Every structure is written in structure tokens, then in C-alpha cells.
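So this block is structure26.cif, mmCIF, C-alpha atoms:
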```cif
data_final
#
loop_
_atom_site.group_PDB
_atom_site.id
_atom_site.type_symbol
_atom_site.label_atom_id
_atom_site.label_comp_id
_atom_site.auth_asym_id
_atom_site.auth_seq_id
_atom_site.Cartn_x
_atom_site.Cartn_y
_atom_site.Cartn_z
ATOM 1 C CA MET Q 1 83.257 63.337 34.199
ATOM 2 C CA HIS Q 2 79.810 64.839 34.534
ATOM 3 C CA MET Q 3 77.330 62.931 36.661
ATOM 4 C CA HIS Q 4 73.645 63.721 37.102
ATOM 5 C CA ALA Q 5 70.879 62.275 39.252
ATOM 6 C CA SER Q 6 68.944 59.642 37.336
ATOM 7 C CA SER Q 7 65.451 58.281 37.721
ATOM 8 C CA GLY Q 8 67.049 55.104 39.105
ATOM 9 C CA ASN Q 9 68.777 57.219 41.755
ATOM 10 C CA SER Q 10 65.507 58.867 42.851
ATOM 11 C CA GLY Q 11 63.875 55.414 42.862
ATOM 12 C CA MET Q 12 66.584 54.167 45.226
ATOM 13 C CA GLN Q 13 65.957 57.118 47.527
ATOM 14 C CA ARG Q 14 62.198 56.461 47.667
ATOM 15 C CA VAL Q 15 62.698 52.770 48.468
ATOM 16 C CA LEU Q 16 65.299 53.581 51.136
ATOM 17 C CA ARG Q 17 63.002 56.167 52.795
ATOM 18 C CA PHE Q 18 60.149 53.662 52.969
ATOM 19 C CA SER Q 19 62.514 50.943 54.241
ATOM 20 C CA LEU Q 20 63.815 53.239 56.994
ATOM 21 C CA ALA Q 21 60.312 54.111 58.265
ATOM 22 C CA ALA Q 22 59.099 50.490 58.253
ATOM 23 C CA THR Q 23 62.265 49.201 59.937
ATOM 24 C CA ALA Q 24 62.083 51.843 62.703
ATOM 25 C CA VAL Q 25 58.542 50.754 63.606
ATOM 26 C CA TYR Q 26 59.552 47.084 63.615
ATOM 27 C CA VAL Q 27 62.648 47.710 65.792
ATOM 28 C CA VAL Q 28 60.514 49.259 68.546
ATOM 29 C CA ALA Q 29 57.951 46.442 68.350
ATOM 30 C CA THR Q 30 60.549 43.639 68.278
ATOM 31 C CA PHE Q 31 62.521 44.997 71.231
ATOM 32 C CA TYR Q 32 59.389 45.583 73.335
ATOM 33 C CA PHE Q 33 57.875 42.170 72.675
ATOM 34 C CA GLY Q 34 61.300 40.493 72.955
ATOM 35 C CA LEU Q 35 61.549 41.796 76.527
ATOM 36 C CA ARG Q 36 57.998 40.664 77.278
ATOM 37 C CA ALA Q 37 58.611 37.190 75.820
ATOM 38 C CA HIS Q 38 62.109 36.914 77.416
ATOM 39 C CA SER Q 39 63.313 35.890 73.952
ATOM 40 C CA LEU Q 40 66.984 36.505 73.113
ATOM 41 C CA ALA Q 41 66.220 35.603 69.503
ATOM 42 C CA LEU Q 42 63.690 38.452 69.263
ATOM 43 C CA ILE Q 43 65.996 40.904 71.052
ATOM 44 C CA SER Q 44 68.762 39.823 68.650
ATOM 45 C CA GLU Q 45 66.378 40.575 65.801
ATOM 46 C CA ALA Q 46 65.775 44.042 67.248
ATOM 47 C CA GLY Q 47 69.540 44.633 67.367
ATOM 48 C CA HIS Q 48 69.915 43.305 63.866
ATOM 49 C CA ASN Q 49 67.199 45.680 62.675
ATOM 50 C CA VAL Q 50 68.876 48.635 64.416
ATOM 51 C CA SER Q 51 71.936 47.866 62.311
ATOM 52 C CA ASP Q 52 69.602 47.748 59.304
ATOM 53 C CA MET Q 53 68.391 51.253 60.151
ATOM 54 C CA LEU Q 54 71.976 52.498 60.291
ATOM 55 C CA ALA Q 55 72.706 50.692 57.031
ATOM 56 C CA ILE Q 56 69.717 52.311 55.340
ATOM 57 C CA VAL Q 57 70.671 55.777 56.626
ATOM 58 C CA LEU Q 58 74.257 55.338 55.409
ATOM 59 C CA SER Q 59 73.065 54.051 52.050
ATOM 60 C CA TYR Q 60 70.596 56.905 51.655
ATOM 61 C CA VAL Q 61 73.322 59.486 52.326
ATOM 62 C CA ALA Q 62 75.629 57.639 49.919
ATOM 63 C CA VAL Q 63 72.992 57.587 47.162
ATOM 64 C CA TYR Q 64 72.548 61.343 47.636
ATOM 65 C CA PHE Q 65 76.288 61.984 47.358
ATOM 66 C CA GLN Q 66 76.693 59.646 44.381
ATOM 67 C CA ALA Q 67 74.344 61.902 42.394
ATOM 68 C CA ARG Q 68 76.484 64.988 42.987
ATOM 69 C CA PRO Q 69 78.626 66.138 40.047
ATOM 70 C CA ALA Q 70 82.414 65.981 39.925
ATOM 71 C CA THR Q 71 84.346 69.062 41.015
ATOM 72 C CA ASP Q 72 87.924 70.310 40.782
ATOM 73 C CA GLU Q 73 88.505 68.884 44.269
ATOM 74 C CA LYS Q 74 86.600 65.592 43.709
ATOM 75 C CA THR Q 75 87.438 64.918 40.070
ATOM 76 C CA PHE Q 76 85.704 61.519 40.059
ATOM 77 C CA GLY Q 77 82.712 62.860 41.966
ATOM 78 C CA TYR Q 78 81.408 60.903 44.953
ATOM 79 C CA GLN Q 79 81.005 57.496 43.323
ATOM 80 C CA ARG Q 80 82.759 55.729 46.200
ATOM 81 C CA ALA Q 81 80.423 57.139 48.849
ATOM 82 C CA GLY Q 82 78.199 54.088 48.383
ATOM 83 C CA VAL Q 83 81.185 51.719 48.542
ATOM 84 C CA LEU Q 84 82.355 53.289 51.796
ATOM 85 C CA ALA Q 85 78.826 53.046 53.245
ATOM 86 C CA ALA Q 86 78.618 49.361 52.322
ATOM 87 C CA PHE Q 87 82.031 48.708 53.940
ATOM 88 C CA VAL Q 88 80.983 50.388 57.202
ATOM 89 C CA ASN Q 89 77.623 48.569 57.162
ATOM 90 C CA ALA Q 90 79.267 45.180 56.757
ATOM 91 C CA LEU Q 91 81.800 45.797 59.544
ATOM 92 C CA THR Q 92 78.975 46.909 61.855
ATOM 93 C CA LEU Q 93 77.091 43.710 61.125
ATOM 94 C CA ILE Q 94 80.112 41.553 61.997
ATOM 95 C CA VAL Q 95 80.464 43.331 65.366
ATOM 96 C CA LEU Q 96 76.740 42.820 66.006
ATOM 97 C CA ALA Q 97 77.021 39.115 65.149
ATOM 98 C CA ALA Q 98 79.828 38.752 67.703
ATOM 99 C CA TRP Q 99 77.635 40.340 70.399
ATOM 100 C CA ILE Q 100 74.710 38.040 69.552
ATOM 101 C CA GLY Q 101 77.022 35.013 69.655
ATOM 102 C CA VAL Q 102 78.406 35.878 73.101
ATOM 103 C CA SER Q 103 74.897 36.516 74.466
ATOM 104 C CA ALA Q 104 73.640 33.228 73.040
ATOM 105 C CA VAL Q 105 76.460 31.200 74.639
ATOM 106 C CA HIS Q 106 75.707 32.862 77.981
ATOM 107 C CA ARG Q 107 71.979 32.078 77.581
ATOM 108 C CA LEU Q 108 72.827 28.403 76.937
ATOM 109 C CA SER Q 109 74.561 28.201 80.314
ATOM 110 C CA VAL Q 110 71.829 30.192 82.106
ATOM 111 C CA PRO Q 111 68.472 29.159 80.548
ATOM 112 C CA VAL Q 112 65.552 31.609 80.586
ATOM 113 C CA GLU Q 113 61.865 30.806 80.073
ATOM 114 C CA VAL Q 114 60.463 32.324 76.886
ATOM 115 C CA GLN Q 115 56.972 32.931 75.486
ATOM 116 C CA PRO Q 116 56.957 31.085 72.154
ATOM 117 C CA LYS Q 117 53.534 32.296 70.928
ATOM 118 C CA LEU Q 118 54.550 35.948 71.226
ATOM 119 C CA MET Q 119 57.857 35.126 69.525
ATOM 120 C CA MET Q 120 56.022 33.611 66.563
ATOM 121 C CA ILE Q 121 53.525 36.477 66.147
ATOM 122 C CA VAL Q 122 56.211 39.201 66.145
ATOM 123 C CA ALA Q 123 58.517 37.173 63.904
ATOM 124 C CA ALA Q 124 55.700 36.590 61.380
ATOM 125 C CA ALA Q 125 55.225 40.367 61.100
ATOM 126 C CA GLY Q 126 58.971 40.684 60.577
ATOM 127 C CA VAL Q 127 59.011 38.137 57.766
ATOM 128 C CA LEU Q 128 56.327 40.094 55.906
ATOM 129 C CA MET Q 129 58.013 43.469 56.393
ATOM 130 C CA ASN Q 130 61.595 42.401 55.678
ATOM 131 C CA GLY Q 131 60.534 40.265 52.719
ATOM 132 C CA MET Q 132 58.686 43.210 51.188
ATOM 133 C CA ILE Q 133 61.639 45.574 51.651
ATOM 134 C CA ALA Q 134 64.098 42.994 50.258
ATOM 135 C CA GLY Q 135 61.863 42.612 47.197
ATOM 136 C CA LEU Q 136 61.842 46.391 46.622
ATOM 137 C CA LEU Q 137 65.636 46.597 46.965
ATOM 138 C CA TRP Q 138 66.307 43.622 44.676
ATOM 139 C CA ARG Q 139 65.962 45.602 41.422
ATOM 140 C CA PHE Q 140 68.714 47.986 42.585
ATOM 141 C CA SER Q 141 71.034 45.251 43.910
ATOM 142 C CA GLY Q 142 73.560 45.718 41.091
ATOM 143 C CA ASP Q 143 74.907 48.602 43.192
ATOM 144 C CA VAL Q 144 77.133 47.263 46.003
ATOM 145 C CA ASN Q 145 75.786 49.893 48.391
ATOM 146 C CA ILE Q 146 72.166 48.827 47.849
ATOM 147 C CA ARG Q 147 73.198 45.155 47.775
ATOM 148 C CA SER Q 148 74.632 45.499 51.285
ATOM 149 C CA VAL Q 149 71.219 46.745 52.485
ATOM 150 C CA PHE Q 150 69.441 44.047 50.452
ATOM 151 C CA LEU Q 151 71.548 41.373 52.166
ATOM 152 C CA HIS Q 152 70.679 42.922 55.539
ATOM 153 C CA MET Q 153 66.969 42.638 54.777
ATOM 154 C CA LEU Q 154 67.210 39.180 53.186
ATOM 155 C CA GLY Q 155 69.132 37.942 56.222
ATOM 156 C CA ASP Q 156 66.445 39.421 58.452
ATOM 157 C CA THR Q 157 63.708 37.677 56.480
ATOM 158 C CA LEU Q 158 65.417 34.297 56.833
ATOM 159 C CA SER Q 159 66.347 34.790 60.481
ATOM 160 C CA THR Q 160 62.834 35.901 61.483
ATOM 161 C CA ALA Q 161 61.467 32.867 59.671
ATOM 162 C CA ALA Q 162 63.856 30.806 61.792
ATOM 163 C CA VAL Q 163 62.481 32.510 64.929
ATOM 164 C CA ILE Q 164 58.967 31.337 63.941
ATOM 165 C CA ALA Q 165 60.251 27.780 63.586
ATOM 166 C CA GLY Q 166 62.090 28.088 66.899
ATOM 167 C CA GLY Q 167 58.987 29.420 68.640
ATOM 168 C CA ALA Q 168 57.022 26.444 67.346
ATOM 169 C CA GLY Q 169 59.747 24.082 68.566
ATOM 170 C CA ILE Q 170 59.716 25.605 72.053
ATOM 171 C CA LEU Q 171 55.904 25.585 72.143
ATOM 172 C CA PHE Q 172 55.649 21.873 71.367
ATOM 173 C CA THR Q 173 58.755 20.566 73.170
ATOM 174 C CA GLY Q 174 59.437 23.073 75.970
ATOM 175 C CA MET Q 175 63.153 23.078 75.070
ATOM 176 C CA THR Q 176 64.269 26.673 75.826
ATOM 177 C CA TRP Q 177 67.784 26.056 74.458
ATOM 178 C CA ILE Q 178 66.277 26.384 70.960
ATOM 179 C CA ASP Q 179 66.128 30.190 71.432
ATOM 180 C CA PRO Q 180 69.898 30.810 71.975
ATOM 181 C CA VAL Q 181 70.798 28.201 69.331
ATOM 182 C CA LEU Q 182 68.632 30.148 66.873
ATOM 183 C CA SER Q 183 70.528 33.290 67.874
ATOM 184 C CA LEU Q 184 73.818 31.571 66.994
ATOM 185 C CA VAL Q 185 72.394 30.577 63.603
ATOM 186 C CA ILE Q 186 71.305 34.181 63.003
ATOM 187 C CA ALA Q 187 74.787 35.423 63.968
ATOM 188 C CA GLY Q 188 76.374 32.963 61.547
ATOM 189 C CA MET Q 189 74.102 34.149 58.730
ATOM 190 C CA ILE Q 190 75.000 37.775 59.467
ATOM 191 C CA VAL Q 191 78.741 37.040 59.272
ATOM 192 C CA TRP Q 192 78.335 35.001 56.080
ATOM 193 C CA SER Q 193 76.478 37.781 54.285
ATOM 194 C CA SER Q 194 78.820 40.500 55.550
ATOM 195 C CA VAL Q 195 82.208 38.967 54.715
ATOM 196 C CA SER Q 196 81.552 39.001 50.959
ATOM 197 C CA ILE Q 197 80.578 42.687 51.120
ATOM 198 C CA VAL Q 198 83.721 43.523 53.129
ATOM 199 C CA ARG Q 199 85.875 41.666 50.614
ATOM 200 C CA GLU Q 200 84.295 43.386 47.587
ATOM 201 C CA THR Q 201 84.296 46.898 49.021
ATOM 202 C CA LEU Q 202 87.829 46.594 50.403
ATOM 203 C CA ASN Q 203 89.035 45.573 46.944
ATOM 204 C CA ILE Q 204 87.414 48.690 45.462
ATOM 205 C CA LEU Q 205 88.778 51.004 48.177
ATOM 206 C CA LEU Q 206 92.281 49.551 47.676
ATOM 207 C CA GLU Q 207 91.874 50.065 43.898
ATOM 208 C CA GLY Q 208 92.256 46.378 43.162
ATOM 209 C CA THR Q 209 91.371 44.887 39.786
ATOM 210 C CA PRO Q 210 87.585 44.312 39.647
ATOM 211 C CA SER Q 211 86.726 40.677 40.367
ATOM 212 C CA THR Q 212 84.637 40.508 37.171
ATOM 213 C CA LEU Q 213 87.627 41.414 34.961
ATOM 214 C CA SER Q 214 90.806 39.571 34.026
ATOM 215 C CA LEU Q 215 93.830 41.818 33.474
ATOM 216 C CA PRO Q 216 95.491 39.377 30.998
ATOM 217 C CA GLU Q 217 92.269 39.327 28.943
ATOM 218 C CA VAL Q 218 92.154 43.131 28.900
ATOM 219 C CA ARG Q 219 95.798 43.270 27.786
ATOM 220 C CA THR Q 220 95.193 40.669 25.055
ATOM 221 C CA ALA Q 221 92.196 42.610 23.724
ATOM 222 C CA MET Q 222 94.195 45.841 23.618
ATOM 223 C CA GLN Q 223 97.165 44.180 21.902
ATOM 224 C CA ALA Q 224 94.817 42.802 19.239
ATOM 225 C CA VAL Q 225 94.108 46.350 18.009
ATOM 226 C CA PRO Q 226 95.957 46.998 14.694
ATOM 227 C CA GLY Q 227 99.036 49.178 15.212
ATOM 228 C CA VAL Q 228 99.577 48.196 18.862
ATOM 229 C CA ARG Q 229 102.937 46.545 19.518
ATOM 230 C CA ASP Q 230 102.791 46.235 23.303
ATOM 231 C CA VAL Q 231 100.634 47.109 26.322
ATOM 232 C CA HIS Q 232 102.281 47.656 29.709
ATOM 233 C CA ASP Q 233 101.836 49.484 33.024
ATOM 234 C CA LEU Q 234 98.204 48.401 32.752
ATOM 235 C CA HIS Q 235 95.869 49.243 35.627
ATOM 236 C CA VAL Q 236 92.127 48.675 35.921
ATOM 237 C CA TRP Q 237 90.202 49.735 39.016
ATOM 238 C CA SER Q 238 86.665 50.531 40.106
ATOM 239 C CA LEU Q 239 85.454 54.088 40.605
ATOM 240 C CA GLY Q 240 82.214 52.822 42.148
ATOM 241 C CA SER Q 241 80.428 49.506 42.239
ATOM 242 C CA ASN Q 242 79.365 49.710 38.576
ATOM 243 C CA SER Q 243 81.987 51.874 36.857
ATOM 244 C CA HIS Q 244 85.583 51.010 36.023
ATOM 245 C CA ALA Q 245 88.603 53.033 34.887
ATOM 246 C CA LEU Q 246 91.785 52.075 33.041
ATOM 247 C CA ALA Q 247 95.248 53.579 32.670
ATOM 248 C CA SER Q 248 97.965 52.117 30.478
ATOM 249 C CA HIS Q 249 101.063 52.688 28.339
ATOM 250 C CA VAL Q 250 100.722 51.471 24.756
ATOM 251 C CA THR Q 251 103.713 51.053 22.444
ATOM 252 C CA ILE Q 252 103.089 51.752 18.750
ATOM 253 C CA ASP Q 253 105.211 52.234 15.617
ATOM 254 C CA GLU Q 254 106.327 55.768 14.824
ATOM 255 C CA MET Q 255 103.600 57.481 12.796
ATOM 256 C CA PRO Q 256 102.015 60.897 12.258
ATOM 257 C CA MET Q 257 99.855 62.221 15.059
ATOM 258 C CA SER Q 258 96.836 62.158 12.745
ATOM 259 C CA GLU Q 259 97.044 58.354 12.590
ATOM 260 C CA CYS Q 260 97.415 57.913 16.370
ATOM 261 C CA GLY Q 261 93.852 59.048 16.938
ATOM 262 C CA SER Q 262 92.410 56.020 15.165
ATOM 263 C CA ILE Q 263 94.394 53.656 17.418
ATOM 264 C CA ILE Q 264 93.038 55.402 20.521
ATOM 265 C CA ASP Q 265 89.514 55.175 19.112
ATOM 266 C CA CYS Q 266 89.873 51.451 18.402
ATOM 267 C CA LEU Q 267 91.300 50.786 21.883
ATOM 268 C CA ASN Q 268 88.444 52.620 23.562
ATOM 269 C CA ALA Q 269 85.857 50.870 21.371
ATOM 270 C CA ALA Q 270 87.287 47.449 22.302
ATOM 271 C CA LEU Q 271 87.366 48.304 26.015
ATOM 272 C CA ARG Q 272 83.781 49.564 25.968
ATOM 273 C CA ALA Q 273 82.399 46.640 23.980
ATOM 274 C CA GLN Q 274 84.219 43.795 25.750
ATOM 275 C CA PHE Q 275 84.719 45.045 29.312
ATOM 276 C CA HIS Q 276 82.334 48.013 29.768
ATOM 277 C CA ILE Q 277 85.257 50.302 30.622
ATOM 278 C CA HIS Q 278 84.331 53.873 29.685
ATOM 279 C CA HIS Q 279 86.936 55.977 31.485
ATOM 280 C CA THR Q 280 90.451 55.491 30.099
ATOM 281 C CA THR Q 281 93.832 57.218 30.210
ATOM 282 C CA ILE Q 282 96.114 55.791 27.523
ATOM 283 C CA GLN Q 283 99.692 56.981 26.951
ATOM 284 C CA LEU Q 284 101.092 56.190 23.497
ATOM 285 C CA GLU Q 285 104.848 55.540 23.155
ATOM 286 C CA ILE Q 286 107.184 54.643 20.306
ATOM 287 C CA LYS Q 287 109.902 53.233 22.588
ATOM 288 C CA GLU Q 288 109.694 50.739 25.426
ATOM 289 C CA CYS Q 289 109.795 52.605 28.723
ATOM 290 C CA GLU Q 290 111.367 51.408 31.956
ATOM 291 C CA THR Q 291 108.017 50.307 33.374
ATOM 292 C CA THR Q 292 107.612 46.557 33.249
ATOM 293 C CA HIS Q 293 104.433 44.556 32.863
ATOM 294 C CA GLY Q 294 102.196 44.404 35.877
ATOM 295 C CA CYS Q 295 101.824 46.827 38.762
ATOM 296 C CA SER Q 296 104.028 49.829 39.376
ATOM 297 C CA ALA Q 297 106.490 49.517 42.207
ATOM 298 C CA PRO Q 298 105.917 51.806 45.204
ATOM 299 C CA PRO Q 299 108.188 54.863 45.415
ATOM 300 C CA GLU Q 300 111.501 54.249 47.129
ATOM 301 C CA LEU Q 301 112.056 55.882 50.497
ATOM 302 C CA GLU Q 302 115.125 58.069 50.716
ATOM 303 C CA GLU Q 303 117.470 57.714 53.651
ATOM 304 C CA ALA Q 304 117.477 60.867 55.773
ATOM 305 C CA GLY Q 305 121.250 60.987 56.174
ATOM 306 C CA HIS Q 306 121.818 60.413 52.481
ATOM 307 C CA THR Q 307 119.383 63.181 51.593
ATOM 308 C CA HIS Q 308 121.009 65.687 53.939
ATOM 309 C CA GLU Q 309 124.436 64.890 52.547
ATOM 310 C CA HIS Q 310 123.617 65.075 48.853
ATOM 311 C CA GLY Q 311 120.540 67.289 48.797
ATOM 312 C CA HIS Q 312 117.358 66.504 46.920
ATOM 313 C CA HIS Q 313 117.351 63.678 44.374
ATOM 314 C CA HIS Q 314 115.817 64.193 40.962
ATOM 315 C CA HIS Q 315 114.158 61.198 39.332
ATOM 316 C CA HIS Q 316 113.766 60.944 35.616
ATOM 317 C CA GLY Q 317 111.556 58.766 33.509
ATOM 318 C CA HIS Q 318 107.916 57.907 34.022
ATOM 319 C CA ALA Q 319 106.093 58.669 37.231
ATOM 320 C CA HIS Q 320 103.349 56.214 38.171
#
```
If you took the structure in this file and wrote it as C-alpha cells, what would it be?
Amino acid sequence: MHMHASSGNSGMQRVLRFSLAATAVYVVATFYFGLRAHSLALISEAGHNVSDMLAIVLSYVAVYFQARPATDEKTFGYQRAGVLAAFVNALTLIVLAAWIGVSAVHRLSVPVEVQPKLMMIVAAAGVLMNGMIAGLLWRFSGDVNIRSVFLHMLGDTLSTAAVIAGGAGILFTGMTWIDPVLSLVIAGMIVWSSVSIVRETLNILLEGTPSTLSLPEVRTAMQAVPGVRDVHDLHVWSLGSNSHALASHVTIDEMPMSECGSIIDCLNAALRAQFHIHHTTIQLEIKECETTHGCSAPPELEEAGHTHEHGHHHHHGHAH
């Protein structure tokens, strides 16, 4: 598989560089004014934006690696670099949300006076900045790596908007408990946006069937190809967030090799057209093999004593 940097890839890099610079400036401002205003919500926003900076750095590195070509050592290239970055980003966000939650509960029991006007001014700047960055990232959000950063920035936009509302509430009512309650809401939003990313990336890293595909539907489509008697040992997994691969055994009638090529072509055409699967490994057979439908069983562990007594075991048949 040969992979080259695309214009979309360079566009991602430009947006991520701009996002990193703007977020760094906002982190410094939010933390400074959060201390001045004694606002846990603003300090939480600063922490949240630090995690955004780390997310953007990880995503930028991942985008760079994704553009590198495949090698003999990395035969699929670095397509999962972005998936791994998204997984780490999401886990970091969950840890941050836990810290914000603990701090907010403590602040509820020990109230602190805040400066609501300063809260609102800084948060308004954050809404503008995060909203702009989220808008720039939106057109690349089909990539799970970029989507993890997009969700960071979208969550920031909503949470800073909530800080403005909270500042107004404190200004007009004097109720300081609004600040830590807002922090709990922000923490909940962070967890909500992160769990879906963790679930999706973990499925890819564990080579699970992509959530957008149904294995029975793939099997049915393959079995509908003329000349195919049976499809088994079928596996579909994701190489990256937008590319899938397939491996399968296909049973056909005995025929000359020259006719087998047309069956392979038809199978690949059906997989491309219906499921957007472009990388396939298909093994043609004329007899049913020992592999049953569904997933391959894990290799059996040999008992040490049994191995020493009888020597090495030789397994025959298909290796999966």
C-alpha cells in the first residue's frame, strides 16, 4: 500500500498549527484571570484548554505520521497513529474531568468569592476563539483523530458559554455556588464527549468490526457473487479511521485458474461499491476447510510438561 501526503493532509496541519497557537494564548489568559477572579470555572477552563493543547500536538504528530509511506517494517504505514492519538486524548480528558469534579465538590463545601464580570469577559473571548477553531476543524471531522480535537474545541465552546451564563447568575444573585456547579457540568460534558471516542478508537485498536459495517451483510454480498459457494473465516477491521481491510476464505467449484480471476474481481468490485473496502486478502478453496464461520479461535497453549515429554507439536491445516 502506497500512501502519499494529500492536500487535505496539509490543510489539517495548517488548521492544527493555528489552533495550537490560539489555544496557547488563551490558556495563559484564562489561568491568569481565573486566579484574579477566584473562579474555579475559569481555572477549569484553563486546565481543559491545556488538555486541548496536548490533544492538538498529538493530533499534529499523528497527521504527520499518517502521511508517511508504508515500509517493510510498517506494511500498513502509520494509519493508526491518529487513532492512537485520539485514544490518548480521550483518556486524558476523562482524567481531567475527574480532577475538575473533585475540585468542584470541595469548592461547594468551602465557598470562595468570585469576580463574575471578569469571568464573563474572559469566557466571551473563549467562546469566540474555540468556536472559530471548532468551525475550522469541522470539515476534517471524518477522521477520528481530528474529530477528537473537534470535540475538545466544541466542548470548550459550550462550557465557556456556560461560564458566561454562570457569571451573569452570580452577578445578579450573589450565589457563589453557581461557579462549582458549572464546573461539574463542564466535567460531565468532557466525559460524555470522551467516552464515545474511547469506545471507537479502542474498537479499532482491538481490530473489531467497524461499527458502520455489518459482517452478515458483507458475507451475504460476497456469497451473491456468481461462482461463490460459501464465505467463511471472514474478518473486517479498520486500518485507520477511514480505511477498512478484509480477509476471508471463499469456497468455489473446481475450475481453471484463468476463471478464478473473474470471481476475485467481482468480489472486490462488490466490496468496494457496497462497503468501501479497498484492501482485501481472499483465499479461494474448492473444499470446506476446518475453519468455521465467525472469528478464529485463539491458539491453544501447550502444557510445558507435555511439550518436554513429546517434543514440539506440529499443527497442520490453516493458520489464522
Answer key for the PyMOL selection byres ((chain Q and resi 62) around 12), residues as number ranges by chain
Q: 9, 12-13, 16, 55-61, 63-68, 77-89, 143-146, 240
Residues from the last selection, C-alpha atoms, saved as an mmCIF file, in the frame of the given file:
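Writing the result to out_23.cif gives the following:
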```cif
data_model
loop_
_atom_site.group_PDB
_atom_site.id
_atom_site.type_symbol
_atom_site.label_atom_id
_atom_site.label_comp_id
_atom_site.auth_asym_id
_atom_site.auth_seq_id
_atom_site.Cartn_x
_atom_site.Cartn_y
_atom_site.Cartn_z
ATOM 1 C CA ASN Q 9 68.777 57.219 41.755
ATOM 2 C CA MET Q 12 66.584 54.167 45.226
ATOM 3 C CA GLN Q 13 65.957 57.118 47.527
ATOM 4 C CA LEU Q 16 65.299 53.581 51.136
ATOM 5 C CA ALA Q 55 72.706 50.692 57.031
ATOM 6 C CA ILE Q 56 69.717 52.311 55.340
ATOM 7 C CA VAL Q 57 70.671 55.777 56.626
ATOM 8 C CA LEU Q 58 74.257 55.338 55.409
ATOM 9 C CA SER Q 59 73.065 54.051 52.050
ATOM 10 C CA TYR Q 60 70.596 56.905 51.655
ATOM 11 C CA VAL Q 61 73.322 59.486 52.326
ATOM 12 C CA VAL Q 63 72.992 57.587 47.162
ATOM 13 C CA TYR Q 64 72.548 61.343 47.636
ATOM 14 C CA PHE Q 65 76.288 61.984 47.358
ATOM 15 C CA GLN Q 66 76.693 59.646 44.381
ATOM 16 C CA ALA Q 67 74.344 61.902 42.394
ATOM 17 C CA ARG Q 68 76.484 64.988 42.987
ATOM 18 C CA GLY Q 77 82.712 62.860 41.966
ATOM 19 C CA TYR Q 78 81.408 60.903 44.953
ATOM 20 C CA GLN Q 79 81.005 57.496 43.323
ATOM 21 C CA ARG Q 80 82.759 55.729 46.200
ATOM 22 C CA ALA Q 81 80.423 57.139 48.849
ATOM 23 C CA GLY Q 82 78.199 54.088 48.383
ATOM 24 C CA VAL Q 83 81.185 51.719 48.542
ATOM 25 C CA LEU Q 84 82.355 53.289 51.796
ATOM 26 C CA ALA Q 85 78.826 53.046 53.245
ATOM 27 C CA ALA Q 86 78.618 49.361 52.322
ATOM 28 C CA PHE Q 87 82.031 48.708 53.940
ATOM 29 C CA VAL Q 88 80.983 50.388 57.202
ATOM 30 C CA ASN Q 89 77.623 48.569 57.162
ATOM 31 C CA ASP Q 143 74.907 48.602 43.192
ATOM 32 C CA VAL Q 144 77.133 47.263 46.003
ATOM 33 C CA ASN Q 145 75.786 49.893 48.391
ATOM 34 C CA ILE Q 146 72.166 48.827 47.849
ATOM 35 C CA GLY Q 240 82.214 52.822 42.148
#
```
Decode the PyMOL selection byres ((chain Q and resi 229-234) around 6) for the given file into explicit residues and return them as a list of chain:residue names.
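Output from the PyMOL selection byres ((chain Q and resi 229-234) around 6), applied to this file: Q:Val228, Q:His235, Q:Ala247, Q:Ser248, Q:His249, Q:Val250, Q:Thr251, Q:Ile252, Q:His293, Q:Gly294.
CA of Val163 (chain Q) to CA of Met175 (chain Q) spans 13.9 Å [interatomic distance, one decimal].
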Identify, on the basis of all atoms listed in the file, every residue whose closest approach to Leu158 (chain Q) does not exceed 10 Å; exclude the query and any residue fewer than 2 positions from it along the same chain; express the result as a list in words.
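Those residues are Gly126, Val127, Asn130, Gly131, Met153, Leu154, Gly155, Asp156, Thr160, Ala161, Ala162, Val163, Ile186 and Met189 of chain Q.
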Separation of CA of Gly135 (chain Q) from CA of Arg14 (chain Q) in Å
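Separation of CA of Arg14 (chain Q) and CA of Gly135 (chain Q): 13.9 Å.
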Which residue out of Q:Arg139, Q:Ile100, Q:Leu239, Q:Leu128 has the minimum interatomic distance to Lys74 (chain Q) when only C-alpha atoms are used?
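Checking each of Q:Arg139, Q:Ile100, Q:Leu239, Q:Leu128 against Lys74 (chain Q), counting only C-alpha atoms, the winner is Q:Leu239.
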Restricting the calculation to all atoms listed in the file, which member of Q:Gly261, Q:Pro180, Q:Gly166, Q:Pro69 is positioned closest to His106 (chain Q)?
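Among the listed residues, the smallest separation from His106 (chain Q) belongs to Q:Pro180.
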Apply the PyMOL selection byres ((chain Q and resi 114) around 12) to the structure shown and report the selected residues as JSON, numbers by chain.
{"Q": [33, 34, 35, 36, 37, 38, 39, 40, 41, 42, 43, 107, 111, 112, 113, 115, 116, 117, 118, 119, 120, 166, 167, 168, 169, 170, 171, 174, 175, 176, 177, 178, 179, 180]}
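If only C-alpha atoms are the atoms counted, then among Q:Ala269, Q:Val236, Q:Ile204, Q:Val27 the closest residue to Ala125 (chain Q) is Q:Val27.
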Distance in Å - CA of Thr281 (chain Q) versus CA of Met255 (chain Q):
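Result for CA of Thr281 (chain Q) versus CA of Met255 (chain Q): 20.0 Å, one decimal.
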Which is closer to Ala187 (chain Q) than all the others in Q:Leu93, Q:Ala21, Q:Ala134, Q:Val50, using all atoms listed in the file?
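For Ala187 (chain Q), the nearest of the candidates is Q:Leu93.
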